[in-house]
file work.tsv (TSV, C-alpha atoms and all ligand atoms)
chain	number	residue	atom	x	y	z
P	2	MET	CA	5.17	-15.66	-20.94
P	3	ASN	CA	4.24	-13.68	-24.01
P	4	LEU	CA	6.57	-10.84	-24.90
P	5	LYS	CA	4.75	-9.78	-28.02
P	6	ARG	CA	1.65	-8.25	-26.53
P	7	ASP	CA	3.67	-5.71	-24.60
P	8	TRP	CA	6.19	-4.95	-27.26
P	9	TRP	CA	5.07	-1.35	-27.75
P	10	VAL	CA	5.75	-0.82	-24.06
P	11	VAL	CA	9.29	-2.11	-24.46
P	12	ILE	CA	9.90	0.31	-27.31
P	13	THR	CA	8.49	3.18	-25.29
P	14	THR	CA	10.58	2.25	-22.30
P	15	ILE	CA	13.78	2.08	-24.29
P	16	ALA	CA	12.99	5.51	-25.64
P	17	ILE	CA	12.28	7.23	-22.37
P	18	THR	CA	14.37	5.57	-19.68
P	19	SER	CA	17.63	7.03	-18.54
P	20	PHE	CA	20.28	5.77	-16.19
P	21	LEU	CA	19.24	5.74	-12.56
P	22	SER	CA	21.24	4.28	-9.72
P	23	PHE	CA	19.38	1.77	-7.67
P	24	SER	CA	19.56	0.17	-4.28
P	25	VAL	CA	17.22	-1.76	-2.05
P	26	SER	CA	17.15	-0.63	1.51
P	27	ALA	CA	14.61	-3.10	2.83
P	28	SER	CA	16.44	-5.73	4.83
P	29	ASP	CA	13.45	-7.92	5.44
P	30	VAL	CA	9.90	-8.50	4.38
P	31	THR	CA	6.72	-9.53	6.13
P	32	VAL	CA	4.98	-12.68	4.90
P	33	LYS	CA	1.64	-13.84	6.20
P	34	LYS	CA	1.68	-17.58	6.79
P	35	ILE	CA	-0.18	-19.73	4.25
P	36	ASN	CA	-3.27	-21.54	5.53
P	37	ASN	CA	-3.50	-25.25	4.65
P	38	LEU	CA	-0.02	-25.37	3.12
P	39	ASN	CA	0.67	-28.90	1.95
P	40	GLY	CA	3.93	-30.23	3.43
P	41	ASN	CA	5.10	-31.23	-0.06
P	42	THR	CA	4.25	-27.92	-1.70
P	43	ILE	CA	6.29	-27.15	-4.79
P	44	LYS	CA	8.25	-23.96	-4.23
P	45	GLY	CA	9.72	-23.60	-7.67
P	46	VAL	CA	11.67	-21.20	-9.85
P	47	ASP	CA	12.37	-21.22	-13.58
P	48	ILE	CA	15.97	-20.09	-14.09
P	49	SER	CA	16.43	-21.24	-17.69
P	50	SER	CA	18.59	-18.22	-18.58
P	51	VAL	CA	21.10	-18.76	-15.74
P	52	ILE	CA	23.93	-20.45	-17.70
P	53	SER	CA	23.90	-17.68	-20.34
P	54	GLU	CA	23.79	-15.10	-17.57
P	55	GLU	CA	26.85	-16.57	-15.86
P	56	LYS	CA	28.72	-16.85	-19.18
P	57	SER	CA	27.97	-13.15	-19.65
P	58	GLY	CA	29.75	-12.41	-16.38
P	59	VAL	CA	26.82	-12.28	-13.96
P	60	HIS	CA	27.51	-13.40	-10.39
P	61	TYR	CA	24.96	-14.04	-7.69
P	62	PHE	CA	25.21	-12.96	-4.06
P	63	ASN	CA	23.30	-14.04	-0.99
P	64	GLU	CA	21.44	-11.54	1.13
P	65	GLU	CA	24.55	-10.76	3.15
P	66	GLY	CA	26.28	-9.77	-0.09
P	67	LYS	CA	28.55	-12.83	-0.21
P	68	LYS	CA	29.11	-14.37	-3.65
P	69	GLU	CA	27.54	-17.82	-3.68
P	70	ASN	CA	26.36	-20.56	-6.05
P	71	ILE	CA	22.87	-19.51	-7.10
P	72	PHE	CA	21.47	-22.99	-6.47
P	73	GLN	CA	22.78	-22.77	-2.89
P	74	ILE	CA	21.14	-19.35	-2.49
P	75	LEU	CA	17.82	-20.67	-3.81
P	76	LYS	CA	17.98	-23.76	-1.62
P	77	SER	CA	18.77	-21.70	1.49
P	78	ASN	CA	15.71	-19.60	0.77
P	79	GLY	CA	13.31	-22.54	0.65
P	80	VAL	CA	13.18	-23.29	-3.10
P	81	ASN	CA	12.74	-27.03	-3.70
P	82	TYR	CA	12.06	-27.32	-7.45
P	83	ILE	CA	13.76	-25.95	-10.59
P	84	ARG	CA	11.96	-25.55	-13.93
P	85	VAL	CA	13.89	-25.41	-17.19
P	86	ARG	CA	12.70	-24.82	-20.76
P	87	VAL	CA	14.09	-26.93	-23.58
P	88	TRP	CA	14.20	-25.84	-27.23
P	89	ASN	CA	15.11	-28.45	-29.82
P	90	ASN	CA	17.73	-26.43	-31.71
P	91	PRO	CA	17.92	-22.69	-30.90
P	92	TYR	CA	20.86	-22.11	-33.26
P	93	THR	CA	21.58	-21.13	-36.84
P	94	GLU	CA	23.26	-23.63	-39.13
P	95	SER	CA	26.61	-22.07	-38.26
P	96	GLY	CA	25.91	-22.45	-34.54
P	97	ASN	CA	24.92	-18.92	-33.52
P	98	GLY	CA	22.37	-18.89	-30.70
P	99	TYR	CA	18.90	-17.36	-30.86
P	100	GLY	CA	19.10	-15.98	-27.29
P	101	GLY	CA	16.58	-16.37	-24.49
P	102	GLY	CA	19.31	-18.34	-22.73
P	103	ASN	CA	20.04	-20.47	-25.84
P	104	SER	CA	17.99	-22.98	-23.89
P	105	ASP	CA	18.89	-26.33	-25.39
P	106	LEU	CA	19.06	-29.81	-23.87
P	107	ALA	CA	22.73	-29.44	-22.89
P	108	LYS	CA	21.89	-26.39	-20.76
P	109	ALA	CA	18.90	-28.17	-19.21
P	110	ILE	CA	21.26	-30.97	-18.18
P	111	LEU	CA	23.76	-28.54	-16.64
P	112	ILE	CA	20.96	-26.83	-14.71
P	113	GLY	CA	19.39	-30.16	-13.72
P	114	LYS	CA	22.68	-31.50	-12.35
P	115	GLN	CA	23.08	-28.43	-10.16
P	116	ALA	CA	19.47	-28.74	-8.99
P	117	SER	CA	20.03	-32.39	-8.03
P	118	LYS	CA	23.30	-31.58	-6.29
P	119	TYR	CA	21.42	-29.17	-4.03
P	120	GLY	CA	18.52	-31.55	-3.43
P	121	MET	CA	15.96	-29.88	-5.68
P	122	LYS	CA	13.77	-31.66	-8.22
P	123	LEU	CA	13.61	-30.72	-11.92
P	124	LEU	CA	10.60	-29.85	-14.09
P	125	VAL	CA	11.56	-30.23	-17.75
P	126	ASP	CA	9.51	-27.85	-19.91
P	127	PHE	CA	9.63	-29.07	-23.53
P	128	HIS	CA	8.48	-26.30	-25.87
P	129	TYR	CA	8.72	-28.55	-28.99
P	130	SER	CA	10.01	-25.55	-30.90
P	131	ASP	CA	13.41	-23.96	-31.59
P	132	PHE	CA	12.48	-20.76	-29.75
P	133	TRP	CA	9.77	-19.17	-27.59
P	134	ALA	CA	6.41	-20.97	-27.62
P	135	ASP	CA	3.35	-19.19	-26.19
P	136	PRO	CA	-0.27	-18.49	-27.23
P	137	SER	CA	0.90	-16.31	-30.12
P	138	LYS	CA	3.31	-18.85	-31.60
P	139	GLN	CA	3.79	-22.61	-31.54
P	140	LYS	CA	6.10	-23.12	-34.47
P	141	ALA	CA	7.51	-26.60	-35.07
P	142	PRO	CA	11.30	-27.00	-34.83
P	143	LYS	CA	13.15	-26.43	-38.13
P	144	SER	CA	13.78	-30.13	-38.63
P	145	TRP	CA	10.09	-31.02	-38.18
P	146	GLN	CA	8.54	-28.39	-40.40
P	147	ASN	CA	8.00	-30.60	-43.44
P	148	LEU	CA	6.78	-33.63	-41.55
P	149	SER	CA	3.31	-35.12	-41.88
P	150	TYR	CA	1.20	-35.25	-38.72
P	151	ASP	CA	2.02	-38.96	-38.22
P	152	GLN	CA	5.72	-38.32	-38.64
P	153	LYS	CA	5.55	-35.39	-36.24
P	154	GLN	CA	3.87	-37.53	-33.59
P	155	LYS	CA	6.65	-40.09	-33.93
P	156	SER	CA	9.27	-37.34	-33.72
P	157	VAL	CA	7.75	-35.91	-30.53
P	158	TYR	CA	7.84	-39.37	-28.98
P	159	ALA	CA	11.41	-40.10	-30.07
P	160	TYR	CA	12.72	-36.65	-29.11
P	161	THR	CA	11.06	-36.73	-25.67
P	162	LEU	CA	12.28	-40.27	-25.01
P	163	ASP	CA	15.86	-39.55	-26.07
P	164	SER	CA	16.09	-36.19	-24.24
P	165	LEU	CA	14.62	-37.53	-21.03
P	166	GLN	CA	16.87	-40.59	-21.08
P	167	LYS	CA	19.90	-38.31	-21.41
P	168	ILE	CA	18.67	-36.19	-18.50
P	169	LYS	CA	18.10	-39.27	-16.35
P	170	GLN	CA	21.47	-40.75	-17.32
P	171	ALA	CA	23.09	-37.58	-15.97
P	172	GLY	CA	21.71	-38.58	-12.57
P	173	ILE	CA	19.12	-35.81	-12.44
P	174	ASP	CA	16.06	-36.11	-10.19
P	175	VAL	CA	13.22	-35.36	-12.60
P	176	GLY	CA	9.92	-34.85	-10.80
P	177	MET	CA	7.80	-33.58	-13.66
P	178	VAL	CA	7.79	-33.07	-17.42
P	179	GLN	CA	5.73	-30.47	-19.26
P	180	ILE	CA	4.42	-31.47	-22.69
P	181	GLY	CA	4.45	-28.07	-24.37
P	182	ASN	CA	4.41	-24.50	-23.10
P	183	GLU	CA	1.27	-22.30	-22.96
P	184	THR	CA	-0.34	-24.54	-25.58
P	185	ASN	CA	-3.78	-22.86	-25.73
P	186	ASN	CA	-3.63	-22.44	-29.50
P	187	GLY	CA	-1.38	-25.26	-30.62
P	188	ILE	CA	1.74	-27.32	-30.07
P	189	ALA	CA	4.71	-28.06	-32.37
P	190	GLY	CA	3.04	-26.36	-35.33
P	191	THR	CA	-0.21	-28.29	-34.85
P	192	SER	CA	-3.13	-26.03	-34.02
P	193	LYS	CA	-6.32	-28.08	-34.04
P	194	TRP	CA	-7.90	-30.66	-31.81
P	195	PRO	CA	-7.77	-33.67	-31.90
P	196	GLU	CA	-4.31	-33.46	-33.54
P	197	MET	CA	-3.03	-31.48	-30.55
P	198	ALA	CA	-4.19	-34.33	-28.30
P	199	GLY	CA	-2.15	-36.76	-30.41
P	200	ILE	CA	0.98	-34.66	-29.88
P	201	PHE	CA	0.33	-34.40	-26.14
P	202	ASN	CA	-0.09	-38.17	-25.94
P	203	SER	CA	3.12	-38.83	-27.90
P	204	GLY	CA	5.09	-36.78	-25.37
P	205	SER	CA	3.23	-38.27	-22.46
P	206	ALA	CA	3.81	-41.86	-23.64
P	207	ALA	CA	7.56	-41.21	-23.86
P	208	VAL	CA	7.63	-39.88	-20.29
P	209	ARG	CA	5.68	-42.92	-19.03
P	210	LYS	CA	8.13	-45.20	-20.86
P	211	VAL	CA	11.16	-43.60	-19.19
P	212	ASP	CA	9.80	-43.43	-15.64
P	213	LYS	CA	6.27	-44.07	-14.37
P	214	ASN	CA	6.91	-41.90	-11.30
P	215	ILE	CA	7.45	-38.69	-13.28
P	216	LEU	CA	4.38	-36.46	-13.33
P	217	VAL	CA	3.16	-35.42	-16.77
P	218	ALA	CA	1.98	-31.80	-16.96
P	219	VAL	CA	0.15	-29.82	-19.64
P	220	HIS	CA	0.40	-26.05	-19.52
P	221	PHE	CA	-2.00	-23.28	-20.55
P	222	THR	CA	-2.60	-19.60	-19.85
P	223	ASP	CA	-5.27	-16.88	-19.90
P	224	ILE	CA	-7.25	-18.48	-17.09
P	225	GLN	CA	-9.02	-15.10	-16.70
P	226	LYS	CA	-10.92	-15.69	-19.95
P	227	GLN	CA	-14.26	-17.03	-18.91
P	228	GLY	CA	-14.72	-20.70	-19.72
P	229	ASN	CA	-11.20	-21.03	-21.19
P	230	ASP	CA	-9.91	-23.60	-18.70
P	231	LYS	CA	-13.27	-25.45	-18.76
P	232	TRP	CA	-13.12	-25.79	-22.54
P	233	ILE	CA	-9.45	-26.83	-22.62
P	234	SER	CA	-9.80	-29.39	-19.84
P	235	LYS	CA	-12.85	-30.84	-21.62
P	236	GLN	CA	-10.85	-31.21	-24.86
P	237	LEU	CA	-8.09	-32.97	-22.94
P	238	HIS	CA	-10.68	-35.31	-21.46
P	239	ASP	CA	-12.72	-35.90	-24.63
P	240	TYR	CA	-9.60	-36.70	-26.65
P	241	ASN	CA	-8.17	-38.95	-23.93
P	242	VAL	CA	-4.98	-37.05	-23.19
P	243	ASP	CA	-2.95	-38.91	-20.58
P	244	TYR	CA	-1.68	-36.36	-18.04
P	245	ASP	CA	-1.45	-35.78	-14.28
P	246	VAL	CA	-1.10	-32.02	-13.79
P	247	PHE	CA	-3.10	-29.14	-15.29
P	248	ALA	CA	-0.78	-26.14	-15.09
P	249	THR	CA	-1.49	-22.51	-15.82
P	250	SER	CA	0.50	-19.30	-16.02
P	251	TYR	CA	-0.71	-16.66	-13.60
P	252	TYR	CA	0.77	-13.17	-13.86
P	253	PRO	CA	-1.36	-11.09	-11.47
P	254	TYR	CA	-1.44	-8.04	-13.78
P	255	TRP	CA	-2.71	-10.05	-16.78
P	256	HIS	CA	-4.61	-13.06	-15.55
P	257	GLY	CA	-7.53	-11.99	-13.42
P	258	SER	CA	-8.36	-12.40	-9.77
P	259	LEU	CA	-6.89	-14.83	-7.29
P	260	SER	CA	-10.37	-16.11	-6.43
P	261	ASN	CA	-10.95	-16.94	-10.11
P	262	LEU	CA	-7.59	-18.73	-10.20
P	263	THR	CA	-8.59	-20.88	-7.20
P	264	GLN	CA	-12.07	-21.53	-8.56
P	265	SER	CA	-10.90	-22.46	-12.06
P	266	LEU	CA	-8.15	-24.78	-10.85
P	267	SER	CA	-10.55	-26.36	-8.32
P	268	ASP	CA	-13.11	-27.02	-11.06
P	269	VAL	CA	-10.57	-28.74	-13.32
P	270	SER	CA	-9.14	-30.71	-10.42
P	271	ARG	CA	-12.52	-31.96	-9.17
P	272	THR	CA	-14.11	-32.58	-12.56
P	273	TYR	CA	-11.25	-34.62	-14.01
P	274	ASN	CA	-9.42	-35.79	-10.88
P	275	LYS	CA	-6.20	-33.93	-11.76
P	276	LYS	CA	-3.46	-32.17	-9.86
P	277	VAL	CA	-3.09	-28.45	-10.60
P	278	MET	CA	-0.44	-25.77	-10.22
P	279	VAL	CA	0.84	-22.37	-11.32
P	280	ALA	CA	3.76	-22.95	-13.71
P	281	GLU	CA	4.72	-19.28	-14.07
P	282	THR	CA	4.20	-16.16	-12.00
P	283	SER	CA	6.10	-12.95	-11.20
P	284	TYR	CA	5.66	-9.37	-10.04
P	285	PRO	CA	7.78	-6.20	-10.35
P	286	TYR	CA	9.62	-4.76	-7.35
P	287	THR	CA	10.67	-1.59	-9.21
P	288	TYR	CA	9.73	0.42	-12.30
P	289	GLN	CA	13.39	0.97	-13.13
P	290	ASP	CA	15.17	-0.76	-15.97
P	291	GLY	CA	18.55	-2.25	-15.17
P	292	ASP	CA	20.17	-2.99	-18.52
P	293	GLY	CA	19.02	-0.52	-21.19
P	294	PHE	CA	16.55	-2.96	-22.74
P	295	GLY	CA	13.04	-1.86	-21.75
P	296	ASN	CA	10.99	-4.00	-19.40
P	297	THR	CA	7.71	-5.77	-20.15
P	298	ILE	CA	6.10	-4.16	-17.11
P	299	SER	CA	6.94	-0.49	-16.66
P	300	LYS	CA	5.27	2.70	-15.48
P	301	ASP	CA	3.75	3.03	-18.95
P	302	SER	CA	2.27	-0.48	-19.09
P	303	ASN	CA	-1.44	-0.58	-19.56
P	304	VAL	CA	-2.01	-2.95	-16.65
P	305	VAL	CA	-3.40	-2.72	-13.13
P	306	LEU	CA	-0.79	-3.44	-10.47
P	307	ASP	CA	-2.79	-4.37	-7.37
P	308	TYR	CA	0.24	-4.53	-5.08
P	309	PRO	CA	2.78	-1.78	-4.48
P	310	VAL	CA	5.71	-1.96	-6.90
P	311	SER	CA	8.23	-2.64	-4.15
P	312	VAL	CA	10.11	-5.57	-2.63
P	313	GLN	CA	7.31	-5.99	-0.09
P	314	GLY	CA	4.67	-5.74	-2.84
P	315	GLN	CA	6.47	-8.40	-4.86
P	316	THR	CA	6.67	-10.59	-1.75
P	317	THR	CA	2.97	-10.29	-0.97
P	318	ALA	CA	2.00	-10.90	-4.60
P	319	LEU	CA	3.97	-14.17	-4.64
P	320	ARG	CA	2.68	-15.20	-1.23
P	321	ASP	CA	-0.91	-14.67	-2.36
P	322	VAL	CA	-0.45	-16.89	-5.44
P	323	PHE	CA	0.76	-19.67	-3.12
P	324	GLN	CA	-2.35	-19.12	-0.97
P	325	ALA	CA	-4.65	-19.24	-4.01
P	326	VAL	CA	-3.19	-22.62	-5.04
P	327	ALA	CA	-3.26	-23.94	-1.45
P	328	ASN	CA	-6.95	-22.99	-1.35
P	329	VAL	CA	-7.60	-25.63	-4.04
P	330	GLY	CA	-6.80	-28.29	-1.41
P	331	SER	CA	-4.43	-31.24	-1.50
P	332	THR	CA	-4.38	-31.41	-5.32
P	333	GLY	CA	-2.92	-27.88	-5.52
P	334	LEU	CA	0.77	-28.69	-5.99
P	335	GLY	CA	2.39	-25.27	-5.74
P	336	VAL	CA	3.92	-22.43	-7.72
P	337	PHE	CA	6.92	-21.65	-9.96
P	338	TYR	CA	8.33	-18.11	-10.15
P	339	TRP	CA	9.42	-17.22	-13.70
P	340	GLU	CA	13.03	-16.14	-14.36
P	341	PRO	CA	13.89	-14.61	-10.96
P	342	ALA	CA	17.60	-14.50	-11.87
P	343	TRP	CA	17.38	-12.77	-15.27
P	344	VAL	CA	19.28	-9.72	-14.07
P	345	PRO	CA	21.31	-7.19	-16.10
P	346	VAL	CA	24.58	-8.42	-17.61
P	347	GLY	CA	25.86	-4.86	-17.08
P	348	PRO	CA	24.44	-1.49	-16.04
P	349	GLN	CA	22.13	0.49	-18.25
P	350	SER	CA	24.92	2.97	-18.94
P	351	ASN	CA	26.93	0.20	-20.67
P	352	LEU	CA	24.31	-0.51	-23.31
P	353	GLU	CA	26.76	-1.18	-26.12
P	354	SER	CA	28.87	-3.68	-24.18
P	355	ASN	CA	25.68	-5.30	-22.84
P	356	ARG	CA	24.55	-5.73	-26.43
P	357	LEU	CA	27.73	-7.64	-27.29
P	358	LEU	CA	27.18	-10.00	-24.35
P	359	TRP	CA	23.51	-10.62	-25.20
P	360	GLU	CA	24.46	-11.41	-28.77
P	361	LYS	CA	27.45	-13.60	-27.89
P	362	PHE	CA	25.97	-15.62	-25.02
P	363	GLY	CA	22.22	-15.43	-25.69
P	364	SER	CA	21.55	-13.73	-22.35
P	365	GLY	CA	18.76	-11.49	-23.68
P	366	TRP	CA	15.29	-12.16	-25.09
P	367	ALA	CA	16.57	-12.73	-28.59
P	368	THR	CA	19.65	-12.22	-30.69
P	369	THR	CA	19.61	-10.96	-34.26
P	370	ASN	CA	20.30	-14.59	-35.31
P	371	ALA	CA	16.78	-15.62	-34.25
P	372	SER	CA	15.08	-13.71	-37.06
P	373	GLU	CA	15.59	-16.67	-39.40
P	374	PHE	CA	13.16	-18.63	-37.21
P	375	ASP	CA	10.98	-15.99	-35.54
P	376	ALA	CA	9.79	-12.93	-37.46
P	377	ASP	CA	9.45	-10.98	-34.20
P	378	ALA	CA	13.03	-11.65	-33.15
P	379	GLU	CA	14.61	-8.74	-34.92
P	380	LYS	CA	12.64	-6.15	-32.98
P	381	ASN	CA	12.90	-8.23	-29.78
P	382	ALA	CA	16.68	-8.58	-30.00
P	383	GLY	CA	18.26	-7.22	-26.85
P	384	GLY	CA	18.51	-7.91	-23.13
P	385	SER	CA	16.28	-8.74	-20.19
P	386	SER	CA	12.82	-7.25	-20.11
P	387	TRP	CA	12.39	-9.05	-16.79
P	388	ASP	CA	15.12	-7.48	-14.62
P	389	ASN	CA	12.58	-5.50	-12.57
P	390	GLN	CA	10.65	-8.71	-11.80
P	391	ALA	CA	13.69	-10.69	-10.67
P	392	LEU	CA	14.17	-11.82	-7.07
P	393	PHE	CA	17.76	-10.54	-7.26
P	394	ASP	CA	18.71	-6.88	-7.61
P	395	PHE	CA	20.42	-5.40	-10.67
P	396	LYS	CA	23.82	-6.53	-9.37
P	397	GLY	CA	22.73	-10.10	-8.62
P	398	LYS	CA	22.19	-9.80	-4.89
P	399	ALA	CA	19.25	-11.75	-3.42
P	400	LEU	CA	16.31	-9.51	-2.58
P	401	PRO	CA	14.46	-10.09	0.69
P	402	SER	CA	11.46	-11.20	-1.43
P	403	LEU	CA	13.37	-14.40	-2.26
P	404	LYS	CA	12.69	-15.43	1.33
P	405	THR	CA	8.99	-15.78	0.53
P	406	PHE	CA	9.56	-19.45	-0.26
P	407	LYS	CA	10.92	-20.02	3.22
P	408	TYR	CA	8.62	-17.67	5.11
P	409	ILE	CA	5.29	-19.03	3.80
P	410	ASP	CA	5.73	-21.99	6.16
Y	1	CA	CA	15.60	-4.47	-18.81
call {"tool": "encode", "arguments": {"input": "work.tsv", "output": "structure tokens", "more": "lines below"}}
Ligand code: CA
result
Amino acid sequence: MNLKRDWWVVITTIAITSFLSFSVSASDVTVKKINNLNGNTIKGVDISSVISEEKSGVHYFNEEGKKENIFQILKSNGVNYIRVRVWNNPYTESGNGYGGGNSDLAKAILIGKQASKYGMKLLVDFHYSDFWADPSKQKAPKSWQNLSYDQKQKSVYAYTLDSLQKIKQAGIDVGMVQIGNETNNGIAGTSKWPEMAGIFNSGSAAVRKVDKNILVAVHFTDIQKQGNDKWISKQLHDYNVDYDVFATSYYPYWHGSLSNLTQSLSDVSRTYNKKVMVAETSYPYTYQDGDGFGNTISKDSNVVLDYPVSVQGQTTALRDVFQAVANVGSTGLGVFYWEPAWVPVGPQSNLESNRLLWEKFGSGWATTNASEFDADAEKNAGGSSWDNQALFDFKGKALPSLKTFKYID
């Protein structure tokens, strides 16, 4: 996910939105069954912000409106995999969090333990940075910034090994580890091949050392750019990167057609004998903003929204991504929905008290503390720009679209 490219939209939205009450009347959704759905299909969600959300006072409710553990709600709705991002050290020297869930290893372990308790596997998404990593930025963690390439490779290995051992020692069922996040243009401050391949292999070797059964994934985006995935997968092959899963982000309003998604993933899978999946997707169910911090996708966004902006539209959009991956065949592993629980910490009318919660618990995109690491953080400081793409409403109640994971069978 790349916040930066739509920043002007966020500004505009903050400027023009006003408080609107909101309720979802749809009690159920229609989901066309998936053809050729693999029995082991990954039905995943990335809920990396959830601990910060709960610390900020957010509660989650099942579809009947009963307060329930969110992992129970997800499990009951067919989710079988949890993805969690890990930043090395998303804090200032005095311990103030950068936001975005303050997503450190300790939080990943808390989330992983809950996932395991409810019988769901964990995908650990190492960003190898102290804050957001995406095509526009792949900055090395603070403590690695003065390292030589050789030292950095060693640090990636040691950090991955140590982190993963701690996760495993907590009794967590790790199914997959991602070496980097949307690493089209670099990883851990390294931006050229074959050095990038060396970093990938350092992470990969550490995963293999801890547990040979854990799948190693690499993750890219912008699959709509012609030849992008072909070029990247060739680099991975030519520089002997050891991995199992080629993952891509696929946001329907940014990343081209579903048929291109299927074709591109099929080509990579067949050419290099790899598994493939969608590591991030989402779709808006409303144009409204729930928390006073403008949303990435709004009425003013310069994007084409092929599905209705409604709970049913969101449902169908997600269902169709599952179908596109299933169309790859048995090597198409499945889909992760990105941040479906990043709901408002308070209503839009309480902007000032929301701001205090975002800053204190890191439950928004960024806090003002993050500007020491990320130059964009100051203007990005605030709340959730994803609340209208969640699978829970603004008060934390499960939307009928959450049932997509169950209904696609
Ligand atoms: Ca918002």
call {"tool": "closest_residue", "arguments": {"input": "work.tsv", "among": "P:Arg84, P:Lys231, P:His238, P:His220", "to": "Asp174 (chain P)", "atoms": "all atoms listed in the file"}}
result
P:Arg84
call {"tool": "residues_around", "arguments": {"input": "work.tsv", "residues": "Ala198 (chain P)", "least_positions_apart": "4", "cutoff": "8 Å", "atoms": "all atoms listed in the file", "output": "PDB file with C-alpha atoms, in the frame of the given file"}}
result
ATOM      1  CA  TRP P 194      -7.900 -30.660 -31.810  1.00  0.00           C
ATOM      2  CA  ASN P 202      -0.090 -38.170 -25.940  1.00  0.00           C
ATOM      3  CA  LEU P 237      -8.090 -32.970 -22.940  1.00  0.00           C
ATOM      4  CA  TYR P 240      -9.600 -36.700 -26.650  1.00  0.00           C
ATOM      5  CA  ASN P 241      -8.170 -38.950 -23.930  1.00  0.00           C
ATOM      6  CA  VAL P 242      -4.980 -37.050 -23.190  1.00  0.00           C
TER       7      VAL P 242
END
call {"tool": "residues_around", "arguments": {"input": "work.tsv", "residues": "region 162-173 of chain P", "least_positions_apart": "4", "cutoff": "7 Å", "atoms": "all atoms listed in the file", "output": "list in words"}}
result
Ile110, Gly113, Lys114, Ser117, Tyr158, Ala207, Val208 and Val211 of chain P
call {"tool": "closest_atom_pairs", "arguments": {"input": "work.tsv", "of": "region 361-391 of chain P", "to": "region 96-101 of chain P", "cutoff": "8 Å", "atoms": "all atoms listed in the file", "output": "Markdown table"}}
result
| residue | atom | partner | partner_atom | distance |
| --- | --- | --- | --- | --- |
| P:Lys361 | CA | P:Gly98 | CA | 7.9 |
| P:Phe362 | CA | P:Gly100 | CA | 7.2 |
| P:Gly363 | CA | P:Gly100 | CA | 3.5 |
| P:Ser364 | CA | P:Gly100 | CA | 6.0 |
| P:Gly365 | CA | P:Gly101 | CA | 5.4 |
| P:Trp366 | CA | P:Gly101 | CA | 4.4 |
| P:Ala367 | CA | P:Gly100 | CA | 4.3 |
| P:Thr368 | CA | P:Gly100 | CA | 5.1 |
| P:Thr369 | CA | P:Tyr99 | CA | 7.3 |
| P:Asn370 | CA | P:Tyr99 | CA | 5.4 |
| P:Ala371 | CA | P:Tyr99 | CA | 4.4 |
call {"tool": "write_last_selection", "arguments": {"input": "work.tsv", "atoms": "C-alpha atoms", "output": "compact mmCIF listing (two decimals), in the coordinates of the input"}}
result
# COMPACT_ATOMS: atom_id res chain seq x y z
CA LYS P 361 27.45 -13.60 -27.89
CA PHE P 362 25.97 -15.62 -25.02
CA GLY P 363 22.22 -15.43 -25.69
CA SER P 364 21.55 -13.73 -22.35
CA GLY P 365 18.76 -11.49 -23.68
CA TRP P 366 15.29 -12.16 -25.09
CA ALA P 367 16.57 -12.73 -28.59
CA THR P 368 19.65 -12.22 -30.69
CA THR P 369 19.61 -10.96 -34.26
CA ASN P 370 20.30 -14.59 -35.31
CA ALA P 371 16.78 -15.62 -34.25
call {"tool": "residues_near_point", "arguments": {"input": "work.tsv", "point": "(3.6, -25.9, 2.6)", "cutoff": "9 Å", "atoms": "all atoms listed in the file", "output": "MDAnalysis selection string"}}
result
chainID P and resid 35:44 323 327 335 409:410
call {"tool": "residues_around", "arguments": {"input": "work.tsv", "residues": "Arg86 (chain P)", "least_positions_apart": "5", "cutoff": "8 Å", "atoms": "all atoms listed in the file", "output": "number ranges by chain"}}
result
P: 49, 104-105, 109, 125-128
call {"tool": "residues_around", "arguments": {"input": "work.tsv", "residues": "Ser265 (chain P)", "least_positions_apart": "6", "cutoff": "9 Å", "atoms": "only C-alpha atoms", "output": "PDB file with C-alpha atoms, in the coordinates of the input"}}
result
ATOM      1  CA  ILE P 224      -7.250 -18.480 -17.090  1.00  0.00           C
ATOM      2  CA  GLN P 225      -9.020 -15.100 -16.700  1.00  0.00           C
ATOM      3  CA  GLY P 228     -14.720 -20.700 -19.720  1.00  0.00           C
ATOM      4  CA  ASP P 230      -9.910 -23.600 -18.700  1.00  0.00           C
ATOM      5  CA  LYS P 231     -13.270 -25.450 -18.760  1.00  0.00           C
TER       6      LYS P 231
END
call {"tool": "residues_around", "arguments": {"input": "work.tsv", "residues": "Gly314 (chain P)", "least_positions_apart": "4", "cutoff": "10 Å", "atoms": "only C-alpha atoms", "output": "list in words"}}
result
Val30, Thr31, Tyr284, Pro285, Tyr286, Thr287, Leu306, Asp307, Tyr308, Pro309, Val310, Ala318, Leu319, Arg320 and Ser402 of chain P
